[in-house]
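Dumped final_11.pdb below, it's PDB, N, CA and C atoms and all ligand atoms:
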ATOM      1  N   MET A   1       0.847  -1.182   0.000
ATOM      2  CA  MET A   1       0.000   0.000   0.000
ATOM      3  C   MET A   1       0.892   1.244   0.000
ATOM      4  N   GLU A   2       0.500   2.245  -0.807
ATOM      5  CA  GLU A   2       1.300   3.461  -0.893
ATOM      6  C   GLU A   2       0.537   4.656  -0.312
ATOM      7  N   PHE A   3       1.244   5.434   0.492
ATOM      8  CA  PHE A   3       0.676   6.650   1.070
ATOM      9  C   PHE A   3       1.345   7.857   0.415
ATOM     10  N   GLN A   4       0.629   8.982   0.364
ATOM     11  CA  GLN A   4       1.192  10.183  -0.261
ATOM     12  C   GLN A   4       2.404  10.701   0.507
ATOM     13  N   SER A   5       2.356  10.575   1.839
ATOM     14  CA  SER A   5       3.385  11.221   2.641
ATOM     15  C   SER A   5       4.292  10.234   3.369
ATOM     16  N   ALA A   6       4.313   8.982   2.935
ATOM     17  CA  ALA A   6       5.158   7.997   3.620
ATOM     18  C   ALA A   6       5.609   6.927   2.628
ATOM     19  N   ALA A   7       6.574   6.154   3.053
ATOM     20  CA  ALA A   7       7.088   5.090   2.204
ATOM     21  C   ALA A   7       6.037   3.980   2.068
ATOM     22  N   PRO A   8       6.080   3.219   0.992
ATOM     23  CA  PRO A   8       5.141   2.100   0.839
ATOM     24  C   PRO A   8       5.222   1.135   2.021
ATOM     25  N   ARG A   9       4.070   0.593   2.435
ATOM     26  CA  ARG A   9       4.023  -0.360   3.543
ATOM     27  C   ARG A   9       3.391  -1.653   3.050
ATOM     28  N   THR A  10       3.753  -2.753   3.702
ATOM     29  CA  THR A  10       3.193  -4.053   3.358
ATOM     30  C   THR A  10       2.417  -4.607   4.552
ATOM     31  N   PHE A  11       1.218  -5.109   4.305
ATOM     32  CA  PHE A  11       0.379  -5.662   5.368
ATOM     33  C   PHE A  11      -0.052  -7.076   4.993
ATOM     34  N   ASP A  12      -0.214  -7.937   6.004
ATOM     35  CA  ASP A  12      -0.800  -9.255   5.764
ATOM     36  C   ASP A  12      -2.307  -9.128   5.584
ATOM     37  N   ARG A  13      -2.925  -8.289   6.434
ATOM     38  CA  ARG A  13      -4.384  -8.093   6.385
ATOM     39  C   ARG A  13      -4.688  -6.631   6.691
ATOM     40  N   ILE A  14      -5.794  -6.153   6.131
ATOM     41  CA  ILE A  14      -6.279  -4.806   6.458
ATOM     42  C   ILE A  14      -7.750  -4.925   6.815
ATOM     43  N   TYR A  15      -8.150  -4.349   7.954
ATOM     44  CA  TYR A  15      -9.562  -4.306   8.330
ATOM     45  C   TYR A  15      -9.972  -2.843   8.382
ATOM     46  N   VAL A  16     -10.998  -2.506   7.598
ATOM     47  CA  VAL A  16     -11.425  -1.104   7.533
ATOM     48  C   VAL A  16     -12.351  -0.792   8.702
ATOM     49  N   ALA A  17     -11.984   0.192   9.510
ATOM     50  CA  ALA A  17     -12.840   0.671  10.597
ATOM     51  C   ALA A  17     -13.484   1.970  10.114
ATOM     52  N   ALA A  18     -14.692   1.832   9.557
ATOM     53  CA  ALA A  18     -15.303   2.973   8.875
ATOM     54  C   ALA A  18     -15.834   4.036   9.819
ATOM     55  N   GLY A  19     -16.178   3.657  11.045
ATOM     56  CA  GLY A  19     -16.807   4.623  11.949
ATOM     57  C   GLY A  19     -18.245   4.858  11.538
ATOM     58  N   CYS A  20     -18.950   5.675  12.279
ATOM     59  CA  CYS A  20     -20.351   5.879  11.947
ATOM     60  C   CYS A  20     -20.898   7.109  12.633
ATOM     61  N   LYS A  21     -21.767   7.800  11.931
ATOM     62  CA  LYS A  21     -22.504   8.924  12.512
ATOM     63  C   LYS A  21     -23.946   8.464  12.679
ATOM     64  N   VAL A  22     -24.491   8.624  13.877
ATOM     65  CA  VAL A  22     -25.852   8.167  14.135
ATOM     66  C   VAL A  22     -26.842   9.175  13.549
ATOM     67  N   ASN A  23     -27.674   8.703  12.626
ATOM     68  CA  ASN A  23     -28.642   9.591  11.961
ATOM     69  C   ASN A  23     -29.930   9.691  12.770
ATOM     70  N   SER A  24     -29.819  10.230  13.979
ATOM     71  CA  SER A  24     -30.986  10.317  14.853
ATOM     72  C   SER A  24     -31.648  11.690  14.802
ATOM     73  N   GLY A  25     -31.227  12.530  13.849
ATOM     74  CA  GLY A  25     -31.721  13.912  13.802
ATOM     75  C   GLY A  25     -33.234  14.037  13.727
ATOM     76  N   MET A  26     -33.863  13.175  12.919
ATOM     77  CA  MET A  26     -35.315  13.278  12.782
ATOM     78  C   MET A  26     -36.004  12.991  14.115
ATOM     79  N   GLY A  27     -35.535  11.936  14.806
ATOM     80  CA  GLY A  27     -36.110  11.605  16.111
ATOM     81  C   GLY A  27     -35.901  12.722  17.123
ATOM     82  N   VAL A  28     -34.712  13.305  17.082
ATOM     83  CA  VAL A  28     -34.412  14.402  18.022
ATOM     84  C   VAL A  28     -35.326  15.590  17.749
ATOM     85  N   LYS A  29     -35.547  15.903  16.461
ATOM     86  CA  LYS A  29     -36.448  17.017  16.116
ATOM     87  C   LYS A  29     -37.858  16.770  16.625
ATOM     88  N   LEU A  30     -38.224  15.494  16.701
ATOM     89  CA  LEU A  30     -39.565  15.143  17.189
ATOM     90  C   LEU A  30     -39.610  15.062  18.710
ATOM     91  N   GLY A  31     -38.452  15.332  19.357
ATOM     92  CA  GLY A  31     -38.432  15.419  20.822
ATOM     93  C   GLY A  31     -37.851  14.223  21.529
ATOM     94  N   ALA A  32     -37.374  13.211  20.781
ATOM     95  CA  ALA A  32     -36.843  12.005  21.425
ATOM     96  C   ALA A  32     -35.462  12.275  22.024
ATOM     97  N   ARG A  33     -35.193  11.621  23.156
ATOM     98  CA  ARG A  33     -33.900  11.798  23.833
ATOM     99  C   ARG A  33     -32.890  10.789  23.309
ATOM    100  N   CYS A  34     -31.604  11.202  23.351
ATOM    101  CA  CYS A  34     -30.493  10.355  22.896
ATOM    102  C   CYS A  34     -29.559  10.027  24.045
ATOM    103  N   ASP A  35     -28.730   8.995  23.841
ATOM    104  CA  ASP A  35     -27.670   8.715  24.800
ATOM    105  C   ASP A  35     -26.425   9.536  24.434
ATOM    106  N   SER A  36     -25.302   9.238  25.088
ATOM    107  CA  SER A  36     -24.100  10.066  24.922
ATOM    108  C   SER A  36     -23.479   9.974  23.523
ATOM    109  N   VAL A  37     -23.795   8.917  22.765
ATOM    110  CA  VAL A  37     -23.256   8.820  21.398
ATOM    111  C   VAL A  37     -24.260   9.253  20.341
ATOM    112  N   GLY A  38     -25.430   9.675  20.772
ATOM    113  CA  GLY A  38     -26.424  10.172  19.830
ATOM    114  C   GLY A  38     -27.474   9.163  19.427
ATOM    115  N   ALA A  39     -27.398   7.937  19.991
ATOM    116  CA  ALA A  39     -28.403   6.922  19.670
ATOM    117  C   ALA A  39     -29.704   7.235  20.407
ATOM    118  N   LEU A  40     -30.833   7.021  19.729
ATOM    119  CA  LEU A  40     -32.128   7.267  20.366
ATOM    120  C   LEU A  40     -32.334   6.277  21.509
ATOM    121  N   ILE A  41     -32.809   6.773  22.624
ATOM    122  CA  ILE A  41     -33.108   5.916  23.779
ATOM    123  C   ILE A  41     -34.486   5.291  23.566
ATOM    124  N   VAL A  42     -34.540   3.949  23.657
ATOM    125  CA  VAL A  42     -35.818   3.246  23.499
ATOM    126  C   VAL A  42     -36.027   2.287  24.671
ATOM    127  N   ASP A  43     -37.308   1.942  24.894
ATOM    128  CA  ASP A  43     -37.604   0.945  25.922
ATOM    129  C   ASP A  43     -37.626  -0.454  25.292
ATOM    130  N   GLN A  44     -38.074  -1.461  26.045
ATOM    131  CA  GLN A  44     -38.062  -2.836  25.534
ATOM    132  C   GLN A  44     -38.973  -3.023  24.328
ATOM    133  N   LYS A  45     -39.938  -2.120  24.158
ATOM    134  CA  LYS A  45     -40.852  -2.208  23.011
ATOM    135  C   LYS A  45     -40.358  -1.369  21.834
ATOM    136  N   HIS A  46     -39.166  -0.804  21.986
ATOM    137  CA  HIS A  46     -38.550   0.066  20.987
ATOM    138  C   HIS A  46     -39.269   1.388  20.810
ATOM    139  N   CYS A  47     -39.995   1.787  21.855
ATOM    140  CA  CYS A  47     -40.600   3.111  21.863
ATOM    141  C   CYS A  47     -39.559   4.103  22.384
ATOM    142  N   THR A  48     -39.437   5.243  21.704
ATOM    143  CA  THR A  48     -38.524   6.293  22.167
ATOM    144  C   THR A  48     -39.133   6.978  23.379
ATOM    145  N   THR A  49     -38.504   8.044  23.818
ATOM    146  CA  THR A  49     -39.046   8.788  24.964
ATOM    147  C   THR A  49     -40.264   9.620  24.564
ATOM    148  N   VAL A  50     -40.634   9.596  23.288
ATOM    149  CA  VAL A  50     -41.869  10.243  22.816
ATOM    150  C   VAL A  50     -42.913   9.145  22.590
ATOM    151  N   PRO A  51     -43.996   9.123  23.360
ATOM    152  CA  PRO A  51     -45.002   8.080  23.179
ATOM    153  C   PRO A  51     -45.504   8.030  21.735
ATOM    154  N   GLY A  52     -45.526   6.812  21.160
ATOM    155  CA  GLY A  52     -45.991   6.641  19.788
ATOM    156  C   GLY A  52     -44.900   6.765  18.740
ATOM    157  N   LEU A  53     -43.687   7.135  19.157
ATOM    158  CA  LEU A  53     -42.555   7.237  18.212
ATOM    159  C   LEU A  53     -41.594   6.076  18.485
ATOM    160  N   TYR A  54     -41.445   5.192  17.504
ATOM    161  CA  TYR A  54     -40.640   3.985  17.675
ATOM    162  C   TYR A  54     -39.380   4.069  16.812
ATOM    163  N   ALA A  55     -38.330   3.376  17.227
ATOM    164  CA  ALA A  55     -37.064   3.413  16.490
ATOM    165  C   ALA A  55     -36.405   2.043  16.555
ATOM    166  N   ALA A  56     -35.606   1.724  15.519
ATOM    167  CA  ALA A  56     -34.965   0.410  15.433
ATOM    168  C   ALA A  56     -33.680   0.504  14.637
ATOM    169  N   GLY A  57     -32.789  -0.439  14.848
ATOM    170  CA  GLY A  57     -31.579  -0.554  14.036
ATOM    171  C   GLY A  57     -30.439   0.334  14.511
ATOM    172  N   ASP A  58     -29.640   0.756  13.551
ATOM    173  CA  ASP A  58     -28.415   1.499  13.865
ATOM    174  C   ASP A  58     -28.680   2.773  14.669
ATOM    175  N   VAL A  59     -29.875   3.323  14.523
ATOM    176  CA  VAL A  59     -30.170   4.585  15.194
ATOM    177  C   VAL A  59     -30.389   4.410  16.703
ATOM    178  N   VAL A  60     -30.518   3.141  17.148
ATOM    179  CA  VAL A  60     -30.709   2.911  18.582
ATOM    180  C   VAL A  60     -29.603   2.059  19.209
ATOM    181  N   SER A  61     -28.701   1.498  18.392
ATOM    182  CA  SER A  61     -27.727   0.551  18.925
ATOM    183  C   SER A  61     -26.383   0.722  18.243
ATOM    184  N   ASP A  62     -25.309   0.462  18.964
ATOM    185  CA  ASP A  62     -24.001   0.500  18.317
ATOM    186  C   ASP A  62     -23.560  -0.889  17.853
ATOM    187  N   LEU A  63     -24.451  -1.879  17.945
ATOM    188  CA  LEU A  63     -24.186  -3.207  17.388
ATOM    189  C   LEU A  63     -24.763  -3.232  15.978
ATOM    190  N   HIS A  64     -24.007  -2.722  15.024
ATOM    191  CA  HIS A  64     -24.514  -2.495  13.677
ATOM    192  C   HIS A  64     -24.450  -3.763  12.844
ATOM    193  N   GLN A  65     -25.534  -4.531  12.875
ATOM    194  CA  GLN A  65     -25.652  -5.745  12.065
ATOM    195  C   GLN A  65     -27.072  -5.834  11.527
ATOM    196  N   LEU A  66     -27.181  -6.388  10.319
ATOM    197  CA  LEU A  66     -28.496  -6.511   9.693
ATOM    198  C   LEU A  66     -29.472  -7.297  10.563
ATOM    199  N   CYS A  67     -29.007  -8.403  11.152
ATOM    200  CA  CYS A  67     -29.924  -9.239  11.934
ATOM    201  C   CYS A  67     -30.420  -8.494  13.182
ATOM    202  N   VAL A  68     -29.579  -7.623  13.733
ATOM    203  CA  VAL A  68     -29.994  -6.828  14.899
ATOM    204  C   VAL A  68     -31.075  -5.840  14.482
ATOM    205  N   ALA A  69     -30.837  -5.142  13.349
ATOM    206  CA  ALA A  69     -31.820  -4.168  12.867
ATOM    207  C   ALA A  69     -33.147  -4.848  12.548
ATOM    208  N   GLU A  70     -33.075  -6.045  11.952
ATOM    209  CA  GLU A  70     -34.311  -6.765  11.607
ATOM    210  C   GLU A  70     -35.082  -7.153  12.868
ATOM    211  N   ALA A  71     -34.366  -7.632  13.873
ATOM    212  CA  ALA A  71     -35.032  -8.027  15.119
ATOM    213  C   ALA A  71     -35.652  -6.814  15.801
ATOM    214  N   HIS A  72     -34.915  -5.711  15.835
ATOM    215  CA  HIS A  72     -35.475  -4.469  16.394
ATOM    216  C   HIS A  72     -36.764  -4.099  15.657
ATOM    217  N   GLY A  73     -36.705  -4.196  14.316
ATOM    218  CA  GLY A  73     -37.863  -3.823  13.504
ATOM    219  C   GLY A  73     -39.065  -4.702  13.808
ATOM    220  N   ALA A  74     -38.834  -5.991  14.034
ATOM    221  CA  ALA A  74     -39.938  -6.906  14.347
ATOM    222  C   ALA A  74     -40.578  -6.532  15.680
ATOM    223  N   VAL A  75     -39.742  -6.220  16.668
ATOM    224  CA  VAL A  75     -40.269  -5.827  17.988
ATOM    225  C   VAL A  75     -41.029  -4.506  17.867
ATOM    226  N   ALA A  76     -40.442  -3.540  17.162
ATOM    227  CA  ALA A  76     -41.082  -2.232  17.019
ATOM    228  C   ALA A  76     -42.409  -2.358  16.277
ATOM    229  N   ALA A  77     -42.433  -3.148  15.205
ATOM    230  CA  ALA A  77     -43.662  -3.293  14.418
ATOM    231  C   ALA A  77     -44.782  -3.896  15.258
ATOM    232  N   THR A  78     -44.447  -4.917  16.054
ATOM    233  CA  THR A  78     -45.459  -5.534  16.914
ATOM    234  C   THR A  78     -45.942  -4.537  17.965
ATOM    235  N   SER A  79     -45.018  -3.764  18.504
ATOM    236  CA  SER A  79     -45.384  -2.772  19.523
ATOM    237  C   SER A  79     -46.287  -1.700  18.932
ATOM    238  N   ILE A  80     -45.968  -1.264  17.707
ATOM    239  CA  ILE A  80     -46.803  -0.250  17.039
ATOM    240  C   ILE A  80     -48.204  -0.807  16.810
ATOM    241  N   HIS A  81     -48.251  -2.049  16.361
ATOM    242  CA  HIS A  81     -49.554  -2.688  16.124
ATOM    243  C   HIS A  81     -50.390  -2.685  17.407
ATOM    244  N   ARG A  82     -49.750  -2.992  18.523
ATOM    245  CA  ARG A  82     -50.477  -3.038  19.799
ATOM    246  C   ARG A  82     -50.798  -1.636  20.316
ATOM    247  N   PHE A  83     -49.987  -0.649  19.930
ATOM    248  CA  PHE A  83     -50.203   0.733  20.375
ATOM    249  C   PHE A  83     -51.409   1.357  19.680
ATOM    250  N   LEU A  84     -51.614   0.974  18.410
ATOM    251  CA  LEU A  84     -52.699   1.591  17.641
ATOM    252  C   LEU A  84     -54.055   1.136  18.165
ATOM    253  N   PRO A  85     -55.062   2.015  18.074
ATOM    254  CA  PRO A  85     -56.398   1.610  18.524
ATOM    255  C   PRO A  85     -56.968   0.523  17.626
ATOM    256  N   ARG A  86     -57.760  -0.367  18.226
ATOM    257  CA  ARG A  86     -58.407  -1.415  17.428
ATOM    258  C   ARG A  86     -59.443  -0.781  16.516
ATOM    259  N   ASN A  87     -59.540  -1.282  15.309
ATOM    260  CA  ASN A  87     -60.526  -0.729  14.377
ATOM    261  C   ASN A  87     -61.278  -1.835  13.649
ATOM    262  N   PHE A  88     -61.533  -2.954  14.407
ATOM    263  CA  PHE A  88     -62.298  -4.046  13.788
ATOM    264  C   PHE A  88     -63.701  -3.561  13.452
ATOM    265  N   ARG A  89     -64.243  -4.003  12.345
ATOM    266  CA  ARG A  89     -65.609  -3.610  11.972
ATOM    267  C   ARG A  89     -66.519  -4.807  12.047
TER     268      ARG A  89
HETATM  269  C1  LIG B   1     -19.836  -0.613   4.658
HETATM  270  C2  LIG B   1     -20.784  -1.392   5.557
HETATM  271  C3  LIG B   1     -20.726  -2.775   5.557
HETATM  272  C4  LIG B   1     -21.590  -3.498   6.371
HETATM  273  N1  LIG B   1     -21.524  -4.866   6.362
HETATM  274  C5  LIG B   1     -22.396  -5.574   7.105
HETATM  275  C6  LIG B   1     -22.377  -7.005   7.067
HETATM  276  O1  LIG B   1     -21.581  -7.636   6.359
HETATM  277  N2  LIG B   1     -23.258  -7.681   7.849
HETATM  278  C7  LIG B   1     -24.159  -7.027   8.647
HETATM  279  O2  LIG B   1     -24.954  -7.687   9.317
HETATM  280  N3  LIG B   1     -24.186  -5.681   8.710
HETATM  281  C8  LIG B   1     -23.331  -4.939   7.954
HETATM  282  N4  LIG B   1     -23.356  -3.572   8.008
HETATM  283  C9  LIG B   1     -24.288  -2.920   8.937
HETATM  284  C10 LIG B   1     -25.706  -2.896   8.366
HETATM  285  O3  LIG B   1     -25.686  -2.387   7.045
HETATM  286  C11 LIG B   1     -26.567  -2.014   9.262
HETATM  287  O4  LIG B   1     -26.470  -2.445  10.608
HETATM  288  C12 LIG B   1     -28.027  -2.058   8.824
HETATM  289  O5  LIG B   1     -28.162  -1.650   7.468
HETATM  290  C13 LIG B   1     -28.866  -1.144   9.726
HETATM  291  O6  LIG B   1     -30.170  -1.045   9.193
HETATM  292  P1  LIG B   1     -31.023   0.228   9.519
HETATM  293  O7  LIG B   1     -32.352  -0.011   8.861
HETATM  294  O8  LIG B   1     -30.994   0.502  10.994
HETATM  295  O9  LIG B   1     -30.271   1.463   8.843
HETATM  296  P2  LIG B   1     -29.981   1.748   7.315
HETATM  297  O10 LIG B   1     -29.842   0.489   6.518
HETATM  298  O11 LIG B   1     -28.827   2.705   7.324
HETATM  299  O12 LIG B   1     -31.303   2.477   6.808
HETATM  300  C14 LIG B   1     -31.663   3.757   7.286
HETATM  301  C15 LIG B   1     -32.339   4.466   6.140
HETATM  302  O13 LIG B   1     -32.906   5.675   6.635
HETATM  303  C16 LIG B   1     -32.606   6.701   5.713
HETATM  304  N5  LIG B   1     -32.667   7.963   6.457
HETATM  305  C17 LIG B   1     -31.818   8.420   7.421
HETATM  306  N6  LIG B   1     -32.222   9.633   7.852
HETATM  307  C18 LIG B   1     -33.332   9.937   7.157
HETATM  308  C19 LIG B   1     -34.208  11.051   7.148
HETATM  309  N7  LIG B   1     -34.029  12.107   7.948
HETATM  310  N8  LIG B   1     -35.257  11.042   6.292
HETATM  311  C20 LIG B   1     -35.464   9.965   5.468
HETATM  312  N9  LIG B   1     -34.668   8.877   5.442
HETATM  313  C21 LIG B   1     -33.625   8.880   6.269
HETATM  314  C22 LIG B   1     -31.238   6.366   5.159
HETATM  315  O14 LIG B   1     -31.028   6.991   3.916
HETATM  316  C23 LIG B   1     -31.359   4.848   5.018
HETATM  317  O15 LIG B   1     -31.901   4.461   3.778
HETATM  318  C24 LIG B   1     -22.517  -2.821   7.202
HETATM  319  C25 LIG B   1     -22.564  -1.426   7.189
HETATM  320  C26 LIG B   1     -21.708  -0.716   6.377
HETATM  321  C27 LIG B   1     -21.774   0.800   6.368
END
For this file, produce the structure as structure tokens.
Amino acid sequence: MEFQSAAPRTFDRIYVAAGCKVNSGMGVKLGARCDSVGALIVDQKHCTTVPGLYAAGDVVSDLHQLCVAEAHGAVAATSIHRFLPRNFR
């Protein structure tokens, strides 16, 4: 690998640590509270600190994996379903 300001280096392996910015701005604008890294705070039902506002995935957790986001989404969707008023006819 060659750098602009250093001599070429040789590596056996390279692991990219991309970092991440939590995109919680929309939730924050709606009044939801965040933790120290900017992730939206949610309860066990994935409800934020604003009743009726739910969040899932990278915006609530620093364990950034597809399966985690999917599981969060399943919990949030079920919670939303139960939160909504019944409208059976
Ligand atoms: C380079 C890279 C490689 C990865 N590799 C893996 C892997 O191999 N395996 C794995 O399990 N995970 C991997 N991940 C992590 C995985 O992609 C995430 O954990 C997962 O996509 C999170 O899903 P999400 O729905 O929470 O967020 P996202 O998939 O990021 O979806 C959020 C969506 O919301 C949209 N959005 C944000 N703000 C707004 C707004 N204000 N208005 C409207 N839309 C908005 C964004 O554009 C985006 O489409 C990788 C991530 C990266 C960056």
Within 6 Å of stretch 60-73 of chain A, which residues of stretch 23-50 of chain A come that close, and what is the closest atom pair and distance in Å for each? Count all atoms listed in the file and give it as a Markdown table.
| residue | atom | partner | partner_atom | distance |
| --- | --- | --- | --- | --- |
| A:Ala39 | CA | A:Val60 | CA | 4.8 |
| A:Leu40 | N | A:Val60 | CA | 4.3 |
| A:Ile41 | N | A:Val60 | CA | 6.0 |
Fill in: Result set, the PyMOL selection byres (((chain A and resi 50 and name CA) around 12) and not hetatm and name CA) on current file, as a list in words
Gly27, Val28, Lys29, Leu30, Gly31, Ala32, Arg33, Cys34, Leu40, Ile41, Val42, Asp43, His46, Cys47, Thr48, Thr49, Pro51, Gly52, Leu53, Tyr54 and Ala55 of chain A
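Residues within 12 Å of stretch 1-3 of chain A, counting only C-alpha atoms and excluding same-chain residues fewer than 4 positions away, are Ala7, Pro8, Arg9, Thr10, Phe11, Asp12, Arg13 and Ile14 of chain A.
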Residues from last step as file, N, CA and C atoms, as a PDB file, in the coordinates of the input:
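Output file part_37.pdb is given in full below:
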ATOM      1  N   ALA A   7       6.574   6.154   3.053  1.00  0.00           N
ATOM      2  CA  ALA A   7       7.088   5.090   2.204  1.00  0.00           C
ATOM      3  C   ALA A   7       6.037   3.980   2.068  1.00  0.00           C
ATOM      4  N   PRO A   8       6.080   3.219   0.992  1.00  0.00           N
ATOM      5  CA  PRO A   8       5.141   2.100   0.839  1.00  0.00           C
ATOM      6  C   PRO A   8       5.222   1.135   2.021  1.00  0.00           C
ATOM      7  N   ARG A   9       4.070   0.593   2.435  1.00  0.00           N
ATOM      8  CA  ARG A   9       4.023  -0.360   3.543  1.00  0.00           C
ATOM      9  C   ARG A   9       3.391  -1.653   3.050  1.00  0.00           C
ATOM     10  N   THR A  10       3.753  -2.753   3.702  1.00  0.00           N
ATOM     11  CA  THR A  10       3.193  -4.053   3.358  1.00  0.00           C
ATOM     12  C   THR A  10       2.417  -4.607   4.552  1.00  0.00           C
ATOM     13  N   PHE A  11       1.218  -5.109   4.305  1.00  0.00           N
ATOM     14  CA  PHE A  11       0.379  -5.662   5.368  1.00  0.00           C
ATOM     15  C   PHE A  11      -0.052  -7.076   4.993  1.00  0.00           C
ATOM     16  N   ASP A  12      -0.214  -7.937   6.004  1.00  0.00           N
ATOM     17  CA  ASP A  12      -0.800  -9.255   5.764  1.00  0.00           C
ATOM     18  C   ASP A  12      -2.307  -9.128   5.584  1.00  0.00           C
ATOM     19  N   ARG A  13      -2.925  -8.289   6.434  1.00  0.00           N
ATOM     20  CA  ARG A  13      -4.384  -8.093   6.385  1.00  0.00           C
ATOM     21  C   ARG A  13      -4.688  -6.631   6.691  1.00  0.00           C
ATOM     22  N   ILE A  14      -5.794  -6.153   6.131  1.00  0.00           N
ATOM     23  CA  ILE A  14      -6.279  -4.806   6.458  1.00  0.00           C
ATOM     24  C   ILE A  14      -7.750  -4.925   6.815  1.00  0.00           C
TER      25      ILE A  14
END
Worksheet entry | Residues flagged helix (DSSP H, G or I) by DSSP in chain A, as number ranges by chain | A: 25-29, 57-59, 66-83
If you keep N, CA and C atoms, can you produce a file of those selected residues as a short mmCIF file (atom, residue, chain, number, x, y, z; two decimals), in the frame of the given file?
data_model
loop_
_atom_site.label_atom_id
_atom_site.label_comp_id
_atom_site.auth_asym_id
_atom_site.auth_seq_id
_atom_site.Cartn_x
_atom_site.Cartn_y
_atom_site.Cartn_z
N GLY A 25 -31.23 12.53 13.85
CA GLY A 25 -31.72 13.91 13.80
C GLY A 25 -33.23 14.04 13.73
N MET A 26 -33.86 13.18 12.92
CA MET A 26 -35.32 13.28 12.78
C MET A 26 -36.00 12.99 14.12
N GLY A 27 -35.53 11.94 14.81
CA GLY A 27 -36.11 11.60 16.11
C GLY A 27 -35.90 12.72 17.12
N VAL A 28 -34.71 13.30 17.08
CA VAL A 28 -34.41 14.40 18.02
C VAL A 28 -35.33 15.59 17.75
N LYS A 29 -35.55 15.90 16.46
CA LYS A 29 -36.45 17.02 16.12
C LYS A 29 -37.86 16.77 16.62
N GLY A 57 -32.79 -0.44 14.85
CA GLY A 57 -31.58 -0.55 14.04
C GLY A 57 -30.44 0.33 14.51
N ASP A 58 -29.64 0.76 13.55
CA ASP A 58 -28.42 1.50 13.86
C ASP A 58 -28.68 2.77 14.67
N VAL A 59 -29.88 3.32 14.52
CA VAL A 59 -30.17 4.58 15.19
C VAL A 59 -30.39 4.41 16.70
N LEU A 66 -27.18 -6.39 10.32
CA LEU A 66 -28.50 -6.51 9.69
C LEU A 66 -29.47 -7.30 10.56
N CYS A 67 -29.01 -8.40 11.15
CA CYS A 67 -29.92 -9.24 11.93
C CYS A 67 -30.42 -8.49 13.18
N VAL A 68 -29.58 -7.62 13.73
CA VAL A 68 -29.99 -6.83 14.90
C VAL A 68 -31.08 -5.84 14.48
N ALA A 69 -30.84 -5.14 13.35
CA ALA A 69 -31.82 -4.17 12.87
C ALA A 69 -33.15 -4.85 12.55
N GLU A 70 -33.08 -6.04 11.95
CA GLU A 70 -34.31 -6.76 11.61
C GLU A 70 -35.08 -7.15 12.87
N ALA A 71 -34.37 -7.63 13.87
CA ALA A 71 -35.03 -8.03 15.12
C ALA A 71 -35.65 -6.81 15.80
N HIS A 72 -34.92 -5.71 15.84
CA HIS A 72 -35.48 -4.47 16.39
C HIS A 72 -36.76 -4.10 15.66
N GLY A 73 -36.70 -4.20 14.32
CA GLY A 73 -37.86 -3.82 13.50
C GLY A 73 -39.06 -4.70 13.81
N ALA A 74 -38.83 -5.99 14.03
CA ALA A 74 -39.94 -6.91 14.35
C ALA A 74 -40.58 -6.53 15.68
N VAL A 75 -39.74 -6.22 16.67
CA VAL A 75 -40.27 -5.83 17.99
C VAL A 75 -41.03 -4.51 17.87
N ALA A 76 -40.44 -3.54 17.16
CA ALA A 76 -41.08 -2.23 17.02
C ALA A 76 -42.41 -2.36 16.28
N ALA A 77 -42.43 -3.15 15.20
CA ALA A 77 -43.66 -3.29 14.42
C ALA A 77 -44.78 -3.90 15.26
N THR A 78 -44.45 -4.92 16.05
CA THR A 78 -45.46 -5.53 16.91
C THR A 78 -45.94 -4.54 17.96
N SER A 79 -45.02 -3.76 18.50
CA SER A 79 -45.38 -2.77 19.52
C SER A 79 -46.29 -1.70 18.93
N ILE A 80 -45.97 -1.26 17.71
CA ILE A 80 -46.80 -0.25 17.04
C ILE A 80 -48.20 -0.81 16.81
N HIS A 81 -48.25 -2.05 16.36
CA HIS A 81 -49.55 -2.69 16.12
C HIS A 81 -50.39 -2.68 17.41
N ARG A 82 -49.75 -2.99 18.52
CA ARG A 82 -50.48 -3.04 19.80
C ARG A 82 -50.80 -1.64 20.32
N PHE A 83 -49.99 -0.65 19.93
CA PHE A 83 -50.20 0.73 20.38
C PHE A 83 -51.41 1.36 19.68
#
Worksheet item: Nearest to ligand LIG 1 (chain B): which of A:Arg86, A:Thr78, A:Cys20, A:Gln44 is it, counting all atoms listed in the file?
Response: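 Closest candidate: A:Cys20.
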Item to complete: Using atom N of A:Ala56 and atom CA of A:Ala76 as the two end points, give the distance in Å to one decimal.
Response: 6.9 Å
Practice prompt. Check the smallest atom-to-atom distance from each of A:Ala6, A:Ile80, A:Met26, A:Val75 to ligand LIG 1 (chain B) using all atoms listed in the file, then report the winner.
Written response: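 Going through A:Ala6, A:Ile80, A:Met26, A:Val75 one by one, the smallest distance to ligand LIG 1 (chain B) is for A:Met26.
Straight-line separation from atom P2 of ligand LIG 1 (chain B) to atom CA of A:Ser24: 11.5 Å.
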Worksheet item: What does the distance from atom C3 of ligand LIG 1 (chain B) to atom CA of A:Ala18 come to in Å, to one decimal?
Response: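 One can read the atom C3 of ligand LIG 1 (chain B) to atom CA of A:Ala18 distance as 8.6 Å.
Restricting the calculation to only N, CA and C atoms and all ligand atoms, the smallest distance between ligand LIG 1 (chain B) and any of A:Val22, A:Ala17, A:Val59, A:Leu84 is found for A:Val59.
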Discussion item. Nearest residue to ligand LIG 1 (chain B) out of A:Phe88, A:Tyr15, A:Gly57, A:Lys45, using only N, CA and C atoms and all ligand atoms?
Written reply: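 Among the listed residues, the smallest separation from ligand LIG 1 (chain B) belongs to A:Gly57.
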Response to the item:
Nearest to ligand LIG 1 (chain B), restricted to all atoms listed in the file and choosing among A:Asn23, A:Asn87, A:Ser79, A:Ser36, comes out as A:Asn23
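The nearest approach to ligand LIG 1 (chain B) among the residues A:Asp58, A:Gln4, A:Val16, A:Asp35, with all atoms listed in the file taken into account, belongs to A:Asp58.
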Item to complete: Check stretch 24-78 of chain A with DSSP on the backbone and list each residue it calls strand (DSSP E or B), as a PyMOL selection string.
Response: chain A and resi 34+40+47+54
